[in-house]
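Reproduced below: target-v8.cif, with mmCIF, C-alpha atoms.
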data_target
loop_
_atom_site.label_atom_id
_atom_site.label_comp_id
_atom_site.auth_asym_id
_atom_site.auth_seq_id
_atom_site.Cartn_x
_atom_site.Cartn_y
_atom_site.Cartn_z
CA MET A 1 94.33 110.81 116.44
CA VAL A 2 97.29 108.48 116.95
CA LEU A 3 100.20 110.19 118.67
CA GLY A 4 102.53 111.78 116.12
CA LEU A 5 100.12 111.44 113.20
CA ASP A 6 98.57 114.89 113.17
CA ALA A 7 100.72 116.13 110.24
CA ARG A 8 98.88 117.43 107.21
CA ILE A 9 99.43 117.11 103.47
CA ALA A 10 100.37 120.80 103.42
CA ASP A 11 103.47 119.92 105.44
CA ILE A 12 104.98 117.52 102.92
CA PHE A 13 103.56 117.81 99.38
CA SER A 14 105.61 119.12 96.44
CA PRO A 15 104.35 122.57 95.33
CA ARG A 16 106.93 122.95 92.54
CA TYR A 17 105.77 120.01 90.49
CA PRO A 18 105.75 120.25 86.67
CA TYR A 19 102.42 120.69 84.91
CA VAL A 20 101.32 121.34 81.34
CA LEU A 21 98.55 123.06 79.42
CA PRO A 22 96.16 121.10 77.17
CA ASP A 23 98.02 122.00 73.96
CA ALA A 24 101.43 120.83 75.18
CA GLY A 25 102.99 118.66 72.48
CA PHE A 26 104.09 115.06 72.73
CA GLY A 27 107.74 116.07 72.54
CA GLU A 28 107.37 118.37 75.54
CA LEU A 29 105.60 115.67 77.55
CA ARG A 30 108.33 113.17 76.81
CA ARG A 31 111.02 115.72 77.66
CA ILE A 32 109.43 116.40 81.06
CA VAL A 33 109.24 112.70 81.84
CA ARG A 34 112.79 112.09 80.64
CA GLU A 35 114.49 115.05 82.30
CA GLN A 36 112.46 115.38 85.51
CA ARG A 37 111.77 111.65 85.92
CA VAL A 38 108.12 112.21 86.82
CA ARG A 39 105.58 109.42 86.54
CA MET A 40 102.51 111.63 86.26
CA ILE A 41 101.91 115.11 84.80
CA PRO A 42 98.94 117.27 85.85
CA VAL A 43 97.14 119.21 83.12
CA VAL A 44 95.64 122.61 83.93
CA ALA A 45 93.22 124.72 81.89
CA ASP A 46 95.44 127.83 81.93
CA GLU A 47 98.11 129.46 84.06
CA ARG A 48 95.75 132.14 85.34
CA THR A 49 93.19 129.89 87.01
CA MET A 50 95.38 126.72 87.33
CA LYS A 51 92.16 124.69 87.26
CA LEU A 52 93.00 121.00 87.18
CA LEU A 53 91.61 119.18 84.14
CA GLY A 54 93.19 115.79 84.75
CA ILE A 55 96.49 113.95 84.54
CA ILE A 56 98.74 112.18 82.06
CA ARG A 57 100.39 108.99 83.27
CA ARG A 58 103.90 108.19 82.10
CA GLY A 59 102.71 104.91 80.59
CA ALA A 60 100.27 106.78 78.35
CA LEU A 61 103.23 108.07 76.34
CA LEU A 62 104.00 104.47 75.39
CA LEU A 63 100.47 104.04 74.06
CA ALA A 64 100.71 106.97 71.66
CA THR A 65 99.52 105.92 68.21
CA GLY A 66 100.20 109.08 66.20
CA THR A 67 103.26 111.19 65.53
CA LYS A 68 104.93 113.51 68.01
CA VAL A 69 103.53 116.53 66.17
CA GLU A 70 99.91 115.31 66.17
CA ILE A 71 99.58 114.30 69.81
CA THR A 72 98.95 116.89 72.54
CA ALA A 73 98.26 116.69 76.25
CA LYS A 74 94.48 116.83 75.77
CA ASP A 75 94.68 113.65 73.68
CA LEU A 76 96.24 111.71 76.57
CA LEU A 77 94.27 113.32 79.39
CA GLU A 78 92.46 111.17 81.94
CA ASP A 79 90.57 111.86 85.13
CA GLN A 80 92.62 111.58 88.29
CA VAL A 81 91.55 108.85 90.70
CA VAL A 82 92.55 110.72 93.85
CA THR A 83 92.60 114.47 94.48
CA LEU A 84 93.74 115.79 97.86
CA LEU A 85 93.26 118.98 99.86
CA PRO A 86 96.29 120.42 101.71
CA SER A 87 94.35 120.29 104.99
CA GLY A 88 93.93 116.53 104.74
CA SER A 89 95.90 114.16 106.96
CA ILE A 90 98.92 112.28 105.70
CA VAL A 91 97.54 109.03 107.05
CA GLU A 92 94.26 109.31 105.16
CA ALA A 93 96.10 110.41 102.01
CA ALA A 94 98.30 107.32 102.26
CA ARG A 95 95.29 105.05 102.74
CA GLN A 96 93.44 106.61 99.81
CA MET A 97 96.41 106.24 97.50
CA LEU A 98 97.09 102.64 98.50
CA ARG A 99 93.42 101.74 98.15
CA VAL A 100 93.41 102.63 94.45
CA ASP A 101 97.09 101.79 93.81
CA GLU A 102 98.09 105.37 92.98
CA TRP A 103 101.61 106.61 93.75
CA TYR A 104 100.81 110.27 92.97
CA ALA A 105 97.84 112.52 93.64
CA PRO A 106 97.26 116.18 92.68
CA VAL A 107 96.79 118.58 95.61
CA THR A 108 94.20 121.29 94.93
CA ASP A 109 92.20 123.91 96.78
CA GLU A 110 88.42 123.78 97.13
CA GLU A 111 88.03 125.28 93.62
CA ARG A 112 90.21 122.53 92.08
CA ARG A 113 93.11 124.89 91.45
CA LEU A 114 96.32 122.93 91.29
CA LEU A 115 98.68 123.58 94.21
CA GLY A 116 101.10 120.72 93.70
CA VAL A 117 101.40 116.95 93.93
CA LEU A 118 101.76 114.46 96.76
CA GLY A 119 103.81 111.37 95.98
CA LEU A 120 104.39 108.28 98.06
CA GLU A 121 108.04 109.34 98.24
CA ASP A 122 106.93 112.49 100.09
CA ILE A 123 105.17 110.28 102.61
CA ILE A 124 108.25 108.04 102.88
CA ARG A 125 110.45 111.08 103.62
CA TYR A 126 108.04 111.99 106.40
CA ILE A 127 108.18 108.45 107.77
CA LEU A 128 111.99 108.44 107.75
CA GLU A 129 112.06 111.75 109.60
CA LYS A 130 109.33 111.07 112.17
CA HIS A 131 108.73 107.31 112.39
CA MET A 132 111.85 105.48 111.20
CA ASP A 133 111.63 103.19 114.24
CA LYS A 134 108.50 101.68 112.66
CA LEU A 135 110.53 100.41 109.68
CA GLN A 136 113.03 98.16 111.45
CA ARG A 137 111.62 94.79 110.38
CA PRO A 138 113.62 93.01 107.65
CA VAL A 139 112.55 93.50 104.05
CA SER A 140 112.01 89.74 103.79
CA ASP A 141 108.88 90.23 105.94
CA VAL A 142 107.16 92.47 103.40
CA MET A 143 108.75 91.75 100.00
CA GLU A 144 106.83 90.30 97.08
CA THR A 145 108.37 87.00 96.03
CA LYS A 146 106.33 86.25 92.90
CA ILE A 147 108.29 88.35 90.46
CA VAL A 148 107.79 88.84 86.75
CA TYR A 149 111.16 89.23 85.06
CA VAL A 150 112.82 89.39 81.66
CA GLU A 151 116.19 88.33 80.28
CA PRO A 152 118.78 90.41 78.38
CA ASP A 153 117.80 88.91 75.01
CA THR A 154 114.05 89.54 75.49
CA PRO A 155 112.76 91.79 72.65
CA ILE A 156 111.60 95.24 73.74
CA TYR A 157 108.13 94.75 72.24
CA LYS A 158 107.56 91.83 74.63
CA VAL A 159 108.53 94.02 77.59
CA TRP A 160 105.93 96.56 76.49
CA GLN A 161 103.27 93.85 76.24
CA MET A 162 104.13 92.54 79.71
CA MET A 163 104.00 96.04 81.22
CA LEU A 164 100.57 96.63 79.70
CA SER A 165 99.00 93.28 80.55
CA ARG A 166 100.33 93.16 84.13
CA ARG A 167 100.24 96.92 84.92
CA LEU A 168 103.96 96.97 85.73
CA ALA A 169 106.15 100.05 85.47
CA ALA A 170 109.46 98.17 85.68
CA LEU A 171 110.85 94.67 85.35
CA PRO A 172 114.06 93.14 86.70
CA VAL A 173 116.50 91.71 84.17
CA ILE A 174 117.75 88.26 85.14
CA LYS A 175 120.65 86.21 83.78
CA ASN A 176 121.29 82.75 85.23
CA GLY A 177 119.06 83.61 88.18
CA LYS A 178 121.00 86.76 89.06
CA ILE A 179 119.68 90.28 88.69
CA ILE A 180 121.85 92.32 86.33
CA GLY A 181 119.66 95.34 85.62
CA VAL A 182 116.20 96.86 85.41
CA ILE A 183 114.07 97.98 82.49
CA ALA A 184 111.39 100.56 83.22
CA GLU A 185 108.86 102.72 81.39
CA HIS A 186 111.34 105.57 81.81
CA ASP A 187 113.98 103.64 79.84
CA LEU A 188 111.56 103.03 76.96
CA ILE A 189 110.51 106.69 76.86
CA THR A 190 114.11 107.91 77.12
CA HIS A 191 114.99 105.79 74.09
CA GLY A 192 112.10 107.30 72.14
CA PHE A 193 109.82 104.28 71.80
CA THR A 194 106.10 104.71 71.11
CA ARG A 195 103.32 102.27 70.27
CA PRO A 196 104.03 102.08 66.50
CA ASP A 197 107.55 100.86 67.29
CA PHE A 198 106.22 98.04 69.46
CA GLU A 199 103.49 96.98 67.03
CA SER A 200 105.59 97.05 63.85
CA SER A 201 106.18 93.57 62.44
CA SER A 202 109.64 94.61 61.25
CA GLY A 203 110.32 95.88 64.76
CA HIS A 204 109.54 92.41 66.10
CA ARG A 205 112.22 90.89 63.90
CA ARG A 206 114.94 93.48 64.13
CA GLY A 207 114.07 95.55 67.17
CA PRO A 208 116.36 96.10 70.13
CA THR A 209 116.55 93.79 73.10
CA VAL A 210 116.37 94.44 76.83
CA GLY A 211 120.15 94.24 77.14
CA GLU A 212 120.52 97.30 74.87
CA VAL A 213 118.06 99.47 76.79
CA MET A 214 118.10 98.40 80.45
CA SER A 215 119.55 100.45 83.31
CA THR A 216 122.47 98.95 85.18
CA PRO A 217 123.36 98.06 87.81
CA ALA A 218 120.14 97.24 89.65
CA VAL A 219 119.86 98.66 93.17
CA THR A 220 119.62 95.65 95.48
CA ILE A 221 119.60 94.84 99.18
CA GLU A 222 119.81 91.57 101.09
CA PRO A 223 116.76 89.93 102.73
CA ASP A 224 117.77 90.80 106.31
CA THR A 225 118.18 94.52 105.55
CA PRO A 226 115.87 96.76 107.64
CA LEU A 227 112.94 98.20 105.73
CA SER A 228 114.18 101.67 106.72
CA GLU A 229 117.24 101.17 104.49
CA ALA A 230 115.01 100.23 101.56
CA ALA A 231 112.97 103.38 102.22
CA ARG A 232 116.12 105.52 102.35
CA LEU A 233 117.38 104.15 99.03
CA ILE A 234 114.00 104.65 97.35
CA VAL A 235 114.04 108.32 98.32
CA GLU A 236 117.72 109.04 97.71
CA ARG A 237 117.89 107.24 94.35
CA ASP A 238 114.41 108.37 93.26
CA ILE A 239 113.41 104.84 92.30
CA GLY A 240 110.10 103.09 92.65
CA ARG A 241 111.30 99.78 94.04
CA ILE A 242 114.24 97.93 95.52
CA TYR A 243 115.06 94.39 94.49
CA VAL A 244 116.08 91.90 97.15
CA ALA A 245 118.93 89.51 96.32
CA ASP A 246 121.11 87.16 98.33
CA SER A 247 124.86 87.62 98.69
CA SER A 248 125.47 85.91 95.34
CA GLY A 249 123.03 88.16 93.48
CA MET A 250 120.20 85.64 93.13
CA LEU A 251 116.88 87.49 93.05
CA GLN A 252 114.67 86.85 96.09
CA GLY A 253 111.95 89.50 95.99
CA VAL A 254 111.02 93.15 95.53
CA VAL A 255 109.86 95.98 97.81
CA ASP A 256 108.21 99.06 96.34
CA ARG A 257 107.00 102.41 97.66
CA SER A 258 103.53 101.15 98.47
CA ASP A 259 105.01 98.26 100.49
CA VAL A 260 106.97 100.73 102.64
CA VAL A 261 103.95 102.96 103.29
CA ALA A 262 101.67 99.99 104.02
CA ALA A 263 104.20 98.53 106.47
CA TRP A 264 104.38 101.88 108.28
CA LEU A 265 100.63 102.11 108.64
CA LYS A 266 100.44 98.56 109.97
CA ALA A 267 103.22 99.29 112.47
CA MET A 268 101.17 102.27 113.69
CA GLY A 269 98.14 100.05 114.19
CA ILE A 270 96.29 101.45 111.15
CA ARG A 271 94.75 99.33 108.41
CA PRO A 272 96.36 100.35 105.10
CA LEU A 273 93.26 99.69 103.01
#
Show me this structure written as structure tokens.
Amino acid sequence: MVLGLDARIADIFSPRYPYVLPDAGFGELRRIVREQRVRMIPVVADERTMKLLGIIRRGALLLATGTKVEITAKDLLEDQVVTLLPSGSIVEAARQMLRVDEWYAPVTDEERRLLGVLGLEDIIRYILEKHMDKLQRPVSDVMETKIVYVEPDTPIYKVWQMMLSRRLAALPVIKNGKIIGVIAEHDLITHGFTRPDFESSSGHRRGPTVGEVMSTPAVTIEPDTPLSEAARLIVERDIGRIYVADSSGMLQGVVDRSDVVAAWLKAMGIRPL
């Protein structure tokens, strides 16, 4: 065991994480995502056994094809890719989650009873508390520079298509090369959009644009900012990524939660994947 890396999942996971039963309605699911800003909701069989049945991803709410009344949690349920035990190590949990590109994983006991959820932000909090010295390289060293973006006049249905085809949860909004905001799955859900809205031909002609729905201002940092500052902002603002811009606001790159965790593992001499 590498010095200082003997902490366990039990030390950092979130035990008070929202969950639902299979018959939870679409409106309740959307309310949980909107109000608690979660990106994944575990589904349990009942509150007596708390047996984990699967998860609902936030993006699944944007794929809903029926009405709010017709859709329930069991209709959107999918198997979780990663399930963790509280006795597992944080390092191995991080590697598992990065390997399959999952930001959240249910934590269960040996009988698959839900105990809570571990998110990459929980791991980042641990890193900031115990290993912040490993995040002192500039964000320019780890940022992604090939960025998919949209403009304020981009129709919302095109944003939805881009998110689906590229598996993106958020997109920066650019005007004249400068970042002016962000549009995320959360924004679309908060504004009540579902699949029929995006696929309607009338919606294509008259639907809203990015500029009407996006969140502003975007949280940005400059390229020479230490990665530890990006990590701190991700945790404090509860956001998935930080955009990197120069002093004039021109977009340079993006750093997300997985980038922070992968950089930490590398700095500790551990292969992320």
Can you write out as a tab-separated table which residues of stretch 240-265 of chain A fall within 12 Å of stretch 177-200 of chain A, alongside each residue's closest atom pair and its distance in Å to one decimal, counting only C-alpha atoms and ordering rows by chain and ascending residue number?
residue	atom	partner	partner_atom	distance
A:Gly240	CA	A:Ala184	CA	9.8
A:Arg241	CA	A:Val182	CA	10.3
A:Ile242	CA	A:Val182	CA	10.4
A:Tyr243	CA	A:Ile179	CA	8.5
A:Val244	CA	A:Ile179	CA	9.3
A:Ala245	CA	A:Ile179	CA	7.7
A:Asp246	CA	A:Lys178	CA	9.3
A:Ser247	CA	A:Lys178	CA	10.4
A:Ser248	CA	A:Lys178	CA	7.8
A:Gly249	CA	A:Lys178	CA	5.1
A:Met250	CA	A:Lys178	CA	4.3
A:Leu251	CA	A:Lys178	CA	5.8
A:Gln252	CA	A:Lys178	CA	9.5
A:Gly253	CA	A:Ile179	CA	10.7
A:Val254	CA	A:Ile179	CA	11.4
request  = Enter the distance from atom CA of A:Pro172 to atom CA of A:Tyr149, in Å, rounded to one decimal.
outcome  =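 Taking atom CA of A:Pro172 as the start and atom CA of A:Tyr149 as the end point, the length is 5.1 Å.
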inquiry  = Need to verify the contact set: A:Ile90, 8 Å, only C-alpha atoms, exclusion of same-chain residues closer than 6 positions in sequence. Can you return it as a list in words?
reply    =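 So the residues in contact are Leu5, Asp6, Ala7, Arg8, Ile9 and Ile123 of chain A.
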task = Might you pull out every residue within 10 Å of stretch 138-141 of chain A, with only C-alpha atoms counted and same-chain residues fewer than 3 positions away left off, and present them as an MDAnalysis selection string?
result = chainID A and resid 135 144:145 221:230 242:244 252:255 259:260 263
query = What is the atom CA of A:Lys146 to atom CA of A:Val91 distance in Å?
reply =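 Those two atoms sit 28.2 Å apart.
The residue that comes closest to A:Ile174, out of A:Pro18, A:Gly269, A:Pro152, A:Gly27 and on the basis of all atoms listed in the file, is A:Pro152.
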remark   = Expressed in Å, the length from atom CA of A:Met214 to atom CA of A:Tyr157 is 13.4 Å
ask   = Quick one: which residues end up in the PyMOL selection byres ((chain A and resi 113) around 10) for this structure, as a PyMOL selection string?
value = chain A and resi 44-45+48-53+106-112+114-116
message = Using only C-alpha atoms for the distances, tell me which of A:Asp122, A:Leu62, A:Leu85, A:Arg31 is nearest to A:Gln161.
response =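 The answer is A:Leu62, which sits nearest to A:Gln161.
Look at A:Leu98: the protein and nucleic acid residues within 12 Å of it, using all atoms listed in the file and passing over chain neighbours fewer than 4 places away, are Val81, Val82, Val91, Glu92, Ala93, Ala94, Glu102, Trp103, Tyr104, Ala105, Gly119, Leu120, Ile123, Asp256, Arg257, Ser258, Asp259, Val260, Val261, Ala262, Ala263, Leu265, Arg271, Pro272 and Leu273 of chain A.
Closest to A:Val38 among A:Asp23, A:Ala10, A:Val117, A:Ile156 is A:Val117, based on only C-alpha atoms.
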